[in-house]
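Source file: target26.txt. Holds: compact mmCIF, C-alpha atoms.
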# COMPACT_ATOMS: atom_id res chain seq x y z
CA MET A 27 -48.18 -223.16 4.65
CA LYS A 28 -50.74 -220.95 6.29
CA THR A 29 -52.68 -220.40 3.10
CA LEU A 30 -52.58 -224.13 2.42
CA LEU A 31 -54.13 -224.85 5.81
CA THR A 32 -56.70 -222.11 5.37
CA THR A 33 -57.78 -223.28 1.93
CA THR A 34 -57.92 -226.92 3.03
CA VAL A 35 -60.11 -226.12 6.01
CA LEU A 36 -62.37 -223.85 3.99
CA LEU A 37 -62.70 -226.44 1.24
CA LEU A 38 -63.56 -229.22 3.69
CA ALA A 39 -66.05 -226.95 5.44
CA GLY A 40 -67.64 -226.15 2.11
CA VAL A 41 -67.92 -229.84 1.26
CA LEU A 42 -69.52 -230.48 4.65
CA GLY A 43 -71.98 -227.66 4.10
CA VAL A 44 -72.96 -228.87 0.63
CA ALA A 45 -73.37 -232.45 1.89
CA LEU A 46 -75.60 -231.32 4.75
CA GLY A 47 -77.68 -229.11 2.52
CA TRP A 48 -78.08 -231.79 -0.10
CA SER A 49 -79.19 -234.34 2.49
CA MET A 50 -81.85 -231.88 3.69
CA LEU A 51 -83.32 -231.46 0.24
CA ASP A 52 -85.24 -234.69 -0.10
CA LEU A 53 -86.28 -235.69 3.37
CA PRO A 54 -89.60 -237.52 3.52
CA ALA A 55 -92.45 -235.97 5.45
CA ALA A 56 -92.27 -236.64 9.16
CA ALA A 57 -93.92 -239.85 10.30
CA LEU A 58 -95.05 -238.40 13.62
CA GLN A 59 -97.10 -235.21 13.43
CA LEU A 60 -96.20 -233.57 16.71
CA PRO A 61 -98.11 -230.26 16.39
CA ALA A 62 -101.41 -232.10 16.03
CA GLU A 63 -100.61 -234.29 19.03
CA VAL A 64 -99.75 -231.27 21.16
CA LYS A 65 -102.98 -229.59 20.14
CA THR A 66 -105.07 -232.59 21.16
CA GLN A 67 -103.37 -232.83 24.55
CA LEU A 68 -103.42 -229.07 25.19
CA GLY A 69 -106.65 -229.28 27.18
CA VAL A 70 -105.18 -231.33 30.02
CA SER A 71 -101.89 -229.47 30.15
CA GLY A 72 -103.11 -226.55 32.21
CA VAL A 73 -102.04 -223.74 29.89
CA THR A 74 -103.28 -222.66 26.48
CA HIS A 75 -99.99 -221.74 24.80
CA PRO A 76 -98.46 -224.81 23.13
CA VAL A 77 -94.81 -223.87 23.64
CA THR A 78 -95.31 -223.30 27.37
CA ALA A 79 -97.22 -226.56 27.62
CA VAL A 80 -94.38 -228.44 25.93
CA LEU A 81 -91.73 -226.66 27.97
CA LEU A 82 -93.21 -227.11 31.42
CA ASN A 83 -95.56 -230.05 31.14
CA PHE A 84 -94.92 -232.45 28.28
CA ARG A 85 -91.14 -232.08 28.38
CA GLY A 86 -90.78 -230.69 31.87
CA TYR A 87 -87.94 -233.06 32.59
CA ASP A 88 -85.74 -231.24 30.07
CA THR A 89 -86.47 -227.92 31.77
CA LEU A 90 -85.66 -229.39 35.16
CA LEU A 91 -82.28 -230.61 33.96
CA GLU A 92 -81.67 -227.33 32.18
CA ILE A 93 -82.00 -225.38 35.42
CA ALA A 94 -79.58 -227.79 37.03
CA VAL A 95 -77.09 -227.23 34.19
CA LEU A 96 -77.35 -223.46 34.57
CA LEU A 97 -76.75 -223.70 38.29
CA LEU A 98 -73.76 -225.95 37.65
CA ALA A 99 -72.25 -223.42 35.23
CA LEU A 100 -72.66 -220.64 37.79
CA LEU A 101 -71.05 -222.78 40.48
CA ALA A 102 -68.11 -223.51 38.20
CA ILE A 103 -67.67 -219.78 37.55
CA LEU A 104 -67.84 -218.95 41.25
CA VAL A 105 -65.21 -221.57 42.03
CA LEU A 106 -62.63 -220.11 39.65
CA PRO A 107 -60.26 -217.75 41.47
CA GLN A 108 -60.29 -214.26 40.03
CA ALA A 109 -57.25 -212.05 39.74
CA THR A 110 -58.67 -209.20 41.76
CA PRO A 111 -60.26 -210.69 44.87
CA GLY A 112 -63.56 -209.30 46.02
CA GLY A 113 -61.84 -207.31 48.71
CA ASP A 114 -60.35 -204.52 46.68
CA ARG A 115 -63.14 -203.97 44.22
CA GLY A 116 -63.95 -200.33 44.55
CA PRO A 117 -67.34 -198.89 43.65
CA ALA A 118 -67.98 -198.15 39.99
CA PRO A 119 -67.70 -194.45 39.09
CA ALA A 120 -70.94 -192.53 39.49
CA ASN A 121 -72.41 -191.38 36.20
CA PRO A 122 -75.53 -189.39 37.07
CA MET A 123 -77.25 -189.69 33.72
CA LEU A 124 -76.76 -193.44 33.58
CA GLN A 125 -77.96 -193.73 37.15
CA SER A 126 -81.15 -191.76 36.52
CA VAL A 127 -81.85 -193.79 33.38
CA ALA A 128 -81.29 -197.01 35.32
CA ARG A 129 -83.57 -195.87 38.11
CA LEU A 130 -86.24 -195.00 35.55
CA LEU A 131 -85.97 -198.22 33.57
CA THR A 132 -85.74 -200.77 36.37
CA PRO A 133 -89.35 -200.59 37.62
CA LEU A 134 -90.52 -200.79 34.00
CA MET A 135 -88.38 -203.86 33.46
CA LEU A 136 -89.80 -205.45 36.60
CA LEU A 137 -93.31 -204.78 35.31
CA VAL A 138 -92.50 -206.19 31.88
CA ALA A 139 -90.96 -209.30 33.45
CA GLY A 140 -94.01 -209.85 35.64
CA TYR A 141 -96.35 -209.46 32.68
CA VAL A 142 -94.33 -211.74 30.41
CA LEU A 143 -94.29 -214.38 33.14
CA TRP A 144 -98.04 -214.17 33.61
CA ALA A 145 -98.78 -214.04 29.91
CA GLY A 146 -96.75 -217.16 29.23
CA ALA A 147 -99.82 -219.25 29.92
CA HIS A 148 -101.81 -218.03 26.95
CA ARG A 149 -99.47 -216.09 24.66
CA PRO A 150 -95.76 -216.03 23.84
CA GLY A 151 -93.79 -215.49 27.01
CA GLY A 152 -92.94 -217.55 30.02
CA ALA A 153 -90.30 -218.01 32.66
CA PHE A 154 -87.19 -217.78 30.48
CA GLN A 155 -88.02 -214.50 28.84
CA ALA A 156 -89.07 -212.95 32.15
CA GLY A 157 -85.90 -214.19 33.85
CA ALA A 158 -83.78 -212.78 31.03
CA VAL A 159 -85.43 -209.34 31.31
CA LEU A 160 -84.85 -209.33 35.07
CA ALA A 161 -81.23 -210.35 34.56
CA GLY A 162 -80.88 -207.48 32.08
CA ALA A 163 -82.23 -205.13 34.74
CA GLY A 164 -79.62 -206.47 37.15
CA VAL A 165 -76.81 -205.94 34.64
CA LEU A 166 -78.06 -202.40 33.95
CA LEU A 167 -78.11 -201.59 37.66
CA HIS A 168 -74.60 -202.93 38.02
CA LEU A 169 -73.32 -200.87 35.09
CA ALA A 170 -74.86 -197.75 36.66
CA GLY A 171 -73.03 -198.45 39.87
CA LEU A 172 -76.14 -199.15 41.90
CA LEU A 173 -75.54 -202.86 42.39
CA PRO A 174 -72.22 -204.15 43.70
CA PRO A 175 -70.54 -207.14 42.06
CA TRP A 176 -70.49 -210.48 43.78
CA ALA A 177 -67.43 -211.11 45.83
CA SER A 178 -68.93 -214.34 47.07
CA PRO A 179 -72.66 -214.80 47.46
CA GLY A 180 -74.12 -214.59 50.93
CA ARG A 181 -76.73 -216.89 52.38
CA ALA A 182 -79.82 -215.15 51.02
CA LEU A 183 -78.36 -215.13 47.52
CA ARG A 184 -77.44 -218.79 47.69
CA VAL A 185 -80.94 -219.70 48.79
CA GLY A 186 -82.36 -217.64 45.95
CA LEU A 187 -80.14 -219.34 43.40
CA ALA A 188 -81.12 -222.85 44.37
CA PHE A 189 -84.72 -221.96 45.12
CA GLY A 190 -86.17 -222.49 41.63
CA LEU A 191 -84.55 -225.85 41.13
CA LEU A 192 -85.60 -227.04 44.60
CA VAL A 193 -89.23 -225.99 44.10
CA PHE A 194 -89.32 -227.68 40.71
CA ILE A 195 -87.90 -230.90 42.16
CA ALA A 196 -90.32 -230.72 45.09
CA VAL A 197 -93.30 -230.32 42.75
CA ALA A 198 -92.07 -233.13 40.52
CA ALA A 199 -91.59 -235.45 43.48
CA ALA A 200 -94.91 -234.51 45.10
CA VAL A 201 -96.74 -235.25 41.87
CA MET A 202 -95.02 -238.63 41.77
CA LEU A 203 -97.12 -239.73 44.75
CA GLN A 204 -100.14 -240.23 42.52
CA GLY A 205 -98.64 -240.82 39.11
CA ASN A 206 -95.36 -240.72 37.24
CA LEU A 207 -92.66 -238.09 37.52
CA LEU A 208 -93.92 -234.66 36.48
CA GLN A 209 -97.37 -235.92 35.59
CA TYR A 210 -99.50 -233.07 36.88
CA PRO A 211 -103.10 -233.88 37.83
CA PRO A 212 -105.21 -231.99 35.27
CA ALA A 213 -107.17 -229.98 37.83
CA TRP A 214 -104.01 -228.58 39.43
CA ALA A 215 -101.82 -228.34 36.35
CA GLY A 216 -102.33 -224.63 35.68
CA ALA A 217 -101.62 -223.58 39.26
CA LEU A 218 -98.61 -225.88 39.56
CA ILE A 219 -97.14 -224.62 36.31
CA LEU A 220 -97.56 -221.01 37.44
CA LEU A 221 -95.91 -221.76 40.77
CA VAL A 222 -92.98 -223.50 39.13
CA GLU A 223 -92.62 -220.73 36.54
CA ALA A 224 -92.62 -217.97 39.16
CA CYS A 225 -89.91 -219.64 41.24
CA LEU A 226 -87.98 -220.44 38.07
CA THR A 227 -88.10 -216.78 37.01
CA VAL A 228 -86.60 -215.54 40.26
CA SER A 229 -83.94 -218.21 40.27
CA LEU A 230 -83.15 -217.81 36.59
CA ALA A 231 -82.81 -214.04 36.94
CA LEU A 232 -80.35 -214.51 39.80
CA VAL A 233 -78.36 -217.14 37.90
CA LEU A 234 -78.19 -215.18 34.64
CA ALA A 235 -77.31 -211.92 36.40
CA GLY A 236 -74.80 -213.86 38.47
CA LEU A 237 -73.11 -215.16 35.32
CA TYR A 238 -72.31 -211.54 34.58
CA LEU A 239 -71.78 -210.15 38.08
CA ALA A 240 -69.42 -212.88 39.21
CA LEU A 241 -67.10 -212.20 36.29
CA THR A 242 -66.71 -208.45 36.28
CA ASP A 243 -64.10 -206.70 38.28
CA THR A 244 -64.91 -203.08 38.81
CA SER A 245 -61.42 -201.74 38.99
CA VAL A 246 -62.55 -199.20 36.46
CA GLN A 247 -60.91 -195.84 36.97
CA GLN A 248 -62.26 -192.83 35.17
CA MET B 29 -89.75 -214.61 0.24
CA ILE B 30 -87.62 -211.72 -0.94
CA PHE B 31 -87.49 -210.48 2.64
CA ASP B 32 -86.38 -213.92 3.80
CA LEU B 33 -83.62 -214.03 1.19
CA LEU B 34 -82.39 -210.59 2.25
CA LEU B 35 -82.50 -211.57 5.92
CA VAL B 36 -80.56 -214.78 5.30
CA THR B 37 -77.97 -212.86 3.30
CA ALA B 38 -77.62 -210.31 6.09
CA LEU B 39 -77.22 -213.09 8.66
CA LEU B 40 -74.47 -214.84 6.69
CA VAL B 41 -72.65 -211.64 5.79
CA SER B 42 -72.60 -210.42 9.39
CA ALA B 43 -71.43 -213.84 10.59
CA VAL B 44 -68.58 -214.07 8.09
CA HIS B 45 -67.59 -210.47 8.75
CA ALA B 46 -67.66 -210.97 12.52
CA LEU B 47 -65.38 -213.99 12.32
CA SER B 48 -62.85 -212.53 9.91
CA THR B 49 -62.41 -208.93 11.03
CA PRO B 50 -59.10 -208.27 12.81
CA ASP B 51 -60.66 -205.87 15.33
CA LEU B 52 -62.20 -207.74 18.28
CA PHE B 53 -64.53 -204.93 19.31
CA ARG B 54 -66.01 -204.84 15.82
CA ALA B 55 -66.43 -208.62 15.96
CA VAL B 56 -68.43 -208.43 19.20
CA VAL B 57 -70.60 -205.58 17.89
CA LEU B 58 -71.30 -207.59 14.72
CA PHE B 59 -72.24 -210.51 16.94
CA ILE B 60 -74.82 -208.35 18.71
CA VAL B 61 -76.15 -207.24 15.31
CA PHE B 62 -76.33 -210.89 14.31
CA GLY B 63 -78.34 -211.62 17.45
CA LEU B 64 -80.92 -208.99 16.58
CA LEU B 65 -81.18 -210.27 13.00
CA MET B 66 -81.71 -213.75 14.42
CA ALA B 67 -84.62 -212.37 16.47
CA LEU B 68 -86.15 -211.21 13.17
CA ALA B 69 -85.54 -214.64 11.65
CA TRP B 70 -87.30 -216.32 14.56
CA ALA B 71 -90.25 -214.01 14.11
CA ARG B 72 -90.39 -215.00 10.43
CA LEU B 73 -90.34 -218.67 11.45
CA ASN B 74 -93.51 -218.21 13.59
CA ALA B 75 -91.57 -218.61 16.84
CA PRO B 76 -92.24 -215.47 18.91
CA ASP B 77 -91.09 -217.04 22.18
CA ILE B 78 -87.68 -217.75 20.69
CA ALA B 79 -87.55 -214.23 19.23
CA LEU B 80 -88.11 -212.73 22.70
CA ALA B 81 -85.53 -215.02 24.27
CA GLU B 82 -82.96 -214.44 21.52
CA ALA B 83 -83.29 -210.66 21.75
CA ALA B 84 -82.93 -210.65 25.53
CA ILE B 85 -80.38 -213.43 25.97
CA GLY B 86 -78.53 -213.85 22.71
CA ALA B 87 -78.07 -210.21 21.84
CA GLY B 88 -78.32 -208.66 25.31
CA LEU B 89 -76.68 -210.82 27.92
CA THR B 90 -74.16 -212.59 25.69
CA GLY B 91 -73.15 -209.26 24.16
CA ALA B 92 -72.66 -207.76 27.61
CA LEU B 93 -70.55 -210.73 28.70
CA LEU B 94 -68.36 -210.56 25.59
CA LEU B 95 -67.85 -206.80 25.88
CA ASP B 96 -66.91 -207.20 29.51
CA ALA B 97 -64.35 -209.87 28.64
CA LEU B 98 -62.99 -207.62 25.91
CA GLY B 99 -62.61 -204.75 28.38
CA HIS B 100 -60.76 -207.04 30.74
CA LEU B 101 -58.44 -208.06 27.90
CA HIS B 102 -57.69 -204.45 26.97
CA ARG B 103 -57.04 -203.51 30.57
CA LYS B 104 -54.65 -206.43 31.01
CA ARG B 105 -52.83 -205.48 27.84
CA ARG B 106 -52.51 -201.88 28.94
CA GLU B 107 -51.20 -202.92 32.35
CA ARG B 108 -48.57 -205.11 30.80
CA SER B 109 -47.17 -202.62 28.30
CA PRO B 110 -46.62 -199.37 30.17
CA MET C 13 -88.84 -224.64 -1.14
CA SER C 14 -90.62 -223.17 1.84
CA THR C 15 -89.22 -220.32 3.88
CA ALA C 16 -88.47 -222.65 6.79
CA LEU C 17 -86.27 -224.80 4.55
CA LEU C 18 -84.43 -221.66 3.42
CA TYR C 19 -83.67 -220.88 7.06
CA ALA C 20 -82.49 -224.46 7.55
CA PHE C 21 -80.00 -223.97 4.73
CA ALA C 22 -78.90 -220.70 6.30
CA GLY C 23 -78.40 -222.54 9.57
CA THR C 24 -76.22 -225.11 7.81
CA ALA C 25 -74.12 -222.37 6.26
CA LEU C 26 -73.75 -220.65 9.63
CA PHE C 27 -72.71 -223.91 11.25
CA VAL C 28 -70.09 -224.58 8.59
CA VAL C 29 -68.70 -221.02 8.80
CA GLY C 30 -68.49 -221.43 12.58
CA VAL C 31 -66.61 -224.72 12.31
CA ALA C 32 -64.09 -223.22 9.88
CA ALA C 33 -63.53 -220.22 12.13
CA LEU C 34 -63.21 -222.44 15.20
CA ILE C 35 -60.36 -224.33 13.56
CA LEU C 36 -58.60 -221.45 11.87
CA GLN C 37 -58.69 -218.71 14.52
CA ALA C 38 -56.21 -218.83 17.37
CA HIS C 39 -57.64 -216.23 19.76
CA LEU C 40 -59.94 -217.75 22.38
CA LEU C 41 -62.47 -214.94 22.22
CA ARG C 42 -62.92 -215.58 18.50
CA LYS C 43 -63.31 -219.29 19.17
CA ILE C 44 -66.08 -218.51 21.63
CA LEU C 45 -67.75 -216.28 19.04
CA ALA C 46 -67.46 -219.08 16.46
CA PHE C 47 -69.00 -221.53 18.93
CA ASN C 48 -71.96 -219.19 19.40
CA PHE C 49 -72.45 -218.92 15.66
CA MET C 50 -72.41 -222.70 15.37
CA GLY C 51 -75.02 -222.94 18.10
CA ASN C 52 -77.31 -220.45 16.40
CA GLY C 53 -76.92 -222.33 13.12
CA VAL C 54 -77.96 -225.57 14.79
CA PHE C 55 -81.02 -223.87 16.30
CA LEU C 56 -82.05 -222.61 12.87
CA VAL C 57 -81.72 -226.13 11.46
CA LEU C 58 -83.76 -227.58 14.33
CA VAL C 59 -86.70 -225.26 13.83
CA GLY C 60 -86.36 -224.87 10.07
CA LEU C 61 -86.29 -228.56 9.31
CA GLY C 62 -89.02 -229.30 11.82
CA GLN C 63 -91.35 -226.75 10.27
CA ARG C 64 -90.50 -227.46 6.63
CA SER C 65 -94.12 -228.31 5.92
CA GLY C 66 -95.16 -224.86 7.09
CA VAL C 67 -96.95 -225.73 10.34
CA PRO C 68 -95.45 -224.12 13.47
CA ASP C 69 -94.17 -226.94 15.65
CA PRO C 70 -93.91 -226.23 19.40
CA VAL C 71 -91.58 -229.10 20.32
CA PRO C 72 -88.44 -227.95 18.46
CA GLN C 73 -89.25 -224.39 19.51
CA ALA C 74 -89.17 -225.44 23.15
CA MET C 75 -85.90 -227.28 22.56
CA VAL C 76 -84.33 -224.20 20.98
CA LEU C 77 -85.54 -222.05 23.88
CA THR C 78 -83.73 -224.38 26.26
CA GLY C 79 -80.71 -224.40 23.96
CA ILE C 80 -80.35 -220.62 23.87
CA VAL C 81 -80.20 -220.35 27.66
CA VAL C 82 -77.77 -223.24 27.98
CA ALA C 83 -75.57 -221.72 25.24
CA LEU C 84 -75.45 -218.53 27.28
CA ALA C 85 -74.32 -220.45 30.36
CA ALA C 86 -71.68 -222.31 28.34
CA THR C 87 -70.41 -219.03 26.88
CA ALA C 88 -70.18 -217.49 30.34
CA LEU C 89 -68.21 -220.46 31.65
CA ALA C 90 -65.94 -220.41 28.59
CA LEU C 91 -65.31 -216.69 29.11
CA ALA C 92 -64.50 -217.24 32.78
CA LEU C 93 -61.98 -219.93 31.85
CA ALA C 94 -60.48 -217.73 29.11
CA ARG C 95 -60.06 -214.90 31.61
CA ARG C 96 -58.36 -217.26 34.02
CA LEU C 97 -56.00 -218.31 31.23
CA LEU C 98 -55.39 -214.64 30.49
CA ASP C 99 -54.51 -213.99 34.13
CA LEU C 100 -52.14 -216.94 34.23
CA ASN C 101 -50.51 -216.78 30.81
CA GLY C 102 -50.82 -213.15 29.79
CA GLU C 103 -52.77 -213.79 26.59
CA MET C 104 -55.90 -215.58 25.48
CA ARG C 105 -54.33 -218.34 23.47
CA LEU C 106 -53.95 -222.01 24.21
CA PRO C 107 -50.28 -222.89 24.79
CA GLU C 108 -50.60 -226.31 23.14
CA GLU C 109 -52.03 -224.73 20.05
CA GLU C 110 -49.16 -222.26 19.90
CA ILE C 111 -46.70 -225.16 19.81
CA VAL C 112 -48.56 -226.87 16.97
CA ARG C 113 -48.86 -223.67 15.00
CA ASP C 114 -45.16 -222.92 15.45
CA ARG C 115 -44.22 -226.37 14.28
CA LEU C 116 -46.48 -226.13 11.23
CA ASP C 117 -45.20 -222.60 10.67
CA VAL C 118 -48.74 -221.29 10.45

Turn this file's structure into structure tokens for me.
Amino acid sequence: MKTLLTTTVLLLAGVLGVALGWSMLDLPAAALQLPAEVKTQLGVSGVTHPVTAVLLNFRGYDTLLEIAVLLLALLAILVLPQATPGGDRGPAPANPMLQSVARLLTPLMLLVAGYVLWAGAHRPGGAFQAGAVLAGAGVLLHLAGLLPPWASPGRALRVGLAFGLLVFIAVAAAVMLQGNLLQYPPAWAGALILLVEACLTVSLALVLAGLYLALTDTSVQQ
Amino acid sequence: MIFDLLLVTALLVSAVHALSTPDLFRAVVLFIVFGLLMALAWARLNAPDIALAEAAIGAGLTGALLLDALGHLHRKRRERSP
Amino acid sequence: MSTALLYAFAGTALFVVGVAALILQAHLLRKILAFNFMGNGVFLVLVGLGQRSGVPDPVPQAMVLTGIVVALAATALALALARRLLDLNGEMRLPEEEIVRDRLDV
């Protein structure tokens, strides 16, 4: 019975795969040439890298909603009761080599994150990569025992978490006074995008690190 | 083109292996390997932003989350069977 | 066949392998892994099909960038729920699925 189920599922999956692949073979050329359109509009977008322009200017609404979704996921994780409450989480065991490596790497990671954020305007980079590197630094610090896990976030942390989303919404609403939603005036577009990206980086780093820190329980004995 | 064929083969083999191996730790490690191979694939597709993000998020943070969950599972199992 | 189309096919294969594993595997951690593989397959199809004429296209790349971060958040939430199930039930399996599998003798 088990092998019958397995073979049926595998066969159906194979048929699905072949059907999808076959339908991709003779697609006509796209009617709308988006790369050319992005290139023509790149001048008014405020940045010179097309992906950043699309992410934060042309389709900024998607990014706004994405930050909201991330925050929602973190809230859902924080709401779940954990088996070991924050009270009896002891400190992680001290491993001196890991700690010295973490202390050495963290300033470098901060520098890399800052550079990637700044460079997102004219080369590959941007807020998401910088936020991910910062979150990685946070996870590394936690694994070395230098950063305690989150029992429940205090006020400063909560403000930091919501900060990026609030700044983005504020910018989007302020711009609406003289145009549509998220339609940056071309003279200010570069500065506005940098402001939004910087706040997004901080917030994103806190959210992504929080996804990890809120889940771990450091009842690790060595 | 040969490099692309090899990369695609490596991606599929690591995916199938990760999903069919009975050892969970090996599955998570193969998932991290898959993430790094995906970063290479994104670089081949002229998408360096996605390559950066995949290496940091897909391989790094997701791998850390999965390993942490696996450690929790092992600890629970050890607590239950003394 | 351009290289981008080859990656689109690879994405399809990944997606299909992920779907099969999602159905066949019982352990929740493996289901989460399968879901991640499916997501990566879809991202490859998005960018591969969009760039099948060879020109790098920034719009699907931005969409995939968004997708990777959201997939991470979804995985974290799924892992938190699986851990809660582990704390309550003692193992990372869905009780309804256990009943169905017992009845089918699988």

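Distances from C:Leu17, C:Leu100, C:Leu84, C:Ile35 to chain B were compared using only C-alpha atoms, and the smallest one belongs to C:Leu84.
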
Closest-contact table, chain B side, partner chain A, 6 Å, counting only C-alpha atoms, as a tab-separated table:
residue	atom	partner	partner_atom	distance
B:Asp77	CA	A:Pro150	CA	5.1
B:Ala81	CA	A:Gln155	CA	5.2
B:Ala84	CA	A:Ala158	CA	6.0

Write out, as a Markdown table, each residue of chain C that has an atom at most 10 Å from chain A, together with the closest pair of atoms and their distance in Å to one decimal, counting only C-alpha atoms, rows going by chain and rising number.
| residue | atom | partner | partner_atom | distance |
| --- | --- | --- | --- | --- |
| C:Met13 | CA | A:Leu51 | CA | 8.9 |
| C:Leu17 | CA | A:Met50 | CA | 8.4 |
| C:Ala20 | CA | A:Gly47 | CA | 8.4 |
| C:Phe21 | CA | A:Gly47 | CA | 6.1 |
| C:Ala22 | CA | A:Gly47 | CA | 9.3 |
| C:Gly23 | CA | A:Gly47 | CA | 9.7 |
| C:Thr24 | CA | A:Gly43 | CA | 6.2 |
| C:Ala25 | CA | A:Gly43 | CA | 6.1 |
| C:Leu26 | CA | A:Gly43 | CA | 9.1 |
| C:Phe27 | CA | A:Gly43 | CA | 8.1 |
| C:Val28 | CA | A:Ala39 | CA | 5.6 |
| C:Val29 | CA | A:Ala39 | CA | 7.3 |
| C:Gly30 | CA | A:Ala39 | CA | 9.3 |
| C:Val31 | CA | A:Ala39 | CA | 7.2 |
| C:Ala32 | CA | A:Ala39 | CA | 6.1 |
| C:Ala33 | CA | A:Leu36 | CA | 9.0 |
| C:Ile35 | CA | A:Val35 | CA | 7.8 |
| C:Leu36 | CA | A:Thr32 | CA | 6.8 |
| C:Gln37 | CA | A:Thr32 | CA | 10.0 |
| C:Val57 | CA | A:Met50 | CA | 9.7 |
| C:Leu61 | CA | A:Met50 | CA | 7.9 |
| C:Gly62 | CA | A:Ala56 | CA | 8.5 |
| C:Gln63 | CA | A:Pro61 | CA | 9.8 |
| C:Arg64 | CA | A:Ala55 | CA | 8.8 |
| C:Ser65 | CA | A:Ala55 | CA | 7.9 |
| C:Val67 | CA | A:Pro61 | CA | 7.6 |
| C:Pro68 | CA | A:Pro61 | CA | 7.3 |
| C:Asp69 | CA | A:Pro61 | CA | 5.2 |
| C:Pro70 | CA | A:Val77 | CA | 4.9 |
| C:Val71 | CA | A:Val80 | CA | 6.3 |
| C:Pro72 | CA | A:Val77 | CA | 9.2 |
| C:Gln73 | CA | A:Val77 | CA | 6.9 |
| C:Ala74 | CA | A:Leu81 | CA | 5.6 |
| C:Met75 | CA | A:Leu81 | CA | 8.0 |
| C:Leu77 | CA | A:Phe154 | CA | 8.0 |
| C:Thr78 | CA | A:Glu92 | CA | 6.9 |
| C:Gly79 | CA | A:Glu92 | CA | 8.8 |
| C:Ile80 | CA | A:Phe154 | CA | 9.9 |
| C:Val81 | CA | A:Phe154 | CA | 8.0 |
| C:Val82 | CA | A:Leu96 | CA | 6.6 |
| C:Ala83 | CA | A:Leu96 | CA | 9.7 |
| C:Leu84 | CA | A:Leu234 | CA | 8.5 |
| C:Ala85 | CA | A:Leu96 | CA | 6.0 |
| C:Ala86 | CA | A:Ala99 | CA | 7.0 |
| C:Thr87 | CA | A:Ala99 | CA | 9.6 |
| C:Ala88 | CA | A:Leu237 | CA | 6.2 |
| C:Leu89 | CA | A:Ile103 | CA | 6.0 |
| C:Ala90 | CA | A:Ile103 | CA | 9.1 |
| C:Leu91 | CA | A:Leu241 | CA | 8.7 |
| C:Ala92 | CA | A:Ile103 | CA | 6.3 |
| C:Leu93 | CA | A:Leu106 | CA | 7.8 |
| C:Arg95 | CA | A:Gln108 | CA | 8.4 |
| C:Arg96 | CA | A:Gln108 | CA | 7.0 |
| C:Leu98 | CA | A:Ala109 | CA | 9.8 |
| C:Asp99 | CA | A:Ala109 | CA | 6.5 |
| C:Leu100 | CA | A:Ala109 | CA | 9.0 |
| C:Arg113 | CA | A:Lys28 | CA | 9.3 |
| C:Leu116 | CA | A:Met27 | CA | 7.4 |
| C:Asp117 | CA | A:Met27 | CA | 6.7 |
| C:Val118 | CA | A:Lys28 | CA | 4.6 |

Checklist entry - Hey, can you pull every residue with an atom no more than 9 Å from (-76.3, -194.8, 35.9), using all atoms listed in the file, and send it as number ranges by chain? => result A: 120-129, 166-172

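Put simply, CA of Leu45 (chain C) is 11.2 Å away from CA of Val44 (chain B).
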
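Counting all atoms listed in the file, the residue from B:Ala79, B:Arg106, B:Arg54, B:Val36 that sits nearest to chain C is B:Val36.
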
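Interatomic distance, CA of Gly60 (chain C) to CA of Ala71 (chain B): 12.2 Å.
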
Item to check | From C:Ile111, C:Met104, C:Leu34, C:Ile44, residue lying nearest His102 (chain B) [all atoms listed in the file] | outcome: C:Met104

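The coordinates place CA of Ile219 (chain A) at 12.2 Å from CA of Val70 (chain A).
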
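Of the residues listed (A:Ala188, A:Leu91, A:Ala145, A:Ala153), A:Ala153 shows the shortest atom-to-atom separation from Glu223 (chain A); distances use all atoms listed in the file.
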
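Near Ser42 (chain B), within 12 Å and counting all atoms listed in the file, sit Leu35, Val36, Ser48, Thr49, Arg54, Ala55, Val56, Val57, Leu58, Phe59, Ile60, Val61, Phe62, Gly63, Leu64, Leu65 and Met66 of chain B; Leu26, Val29 and Phe49 of chain C, not including residues fewer than 6 positions from it in the same chain.
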
Checklist entry - Of the candidates C:Leu40, C:Val59, C:Val54, C:Val112, which one gets nearest to chain B if we count all atoms listed in the file? => result C:Val59

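For the residues C:Glu108, C:Ser14, C:Asp114, C:Ala94, ranking by smallest atom-to-atom distance to Leu98 (chain B) using all atoms listed in the file places C:Ala94 first.
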
Give me the box for region 73-77 of chain B as AutoDock Vina command-line options, namely the centre and edge lengths in Å to one decimal of a box along x, y and z that holds every listed atom plus 8 Å on each side.
--center_x -91.9 --center_y -217.1 --center_z 16.8 --size_x 19.2 --size_y 19.2 --size_z 26.7
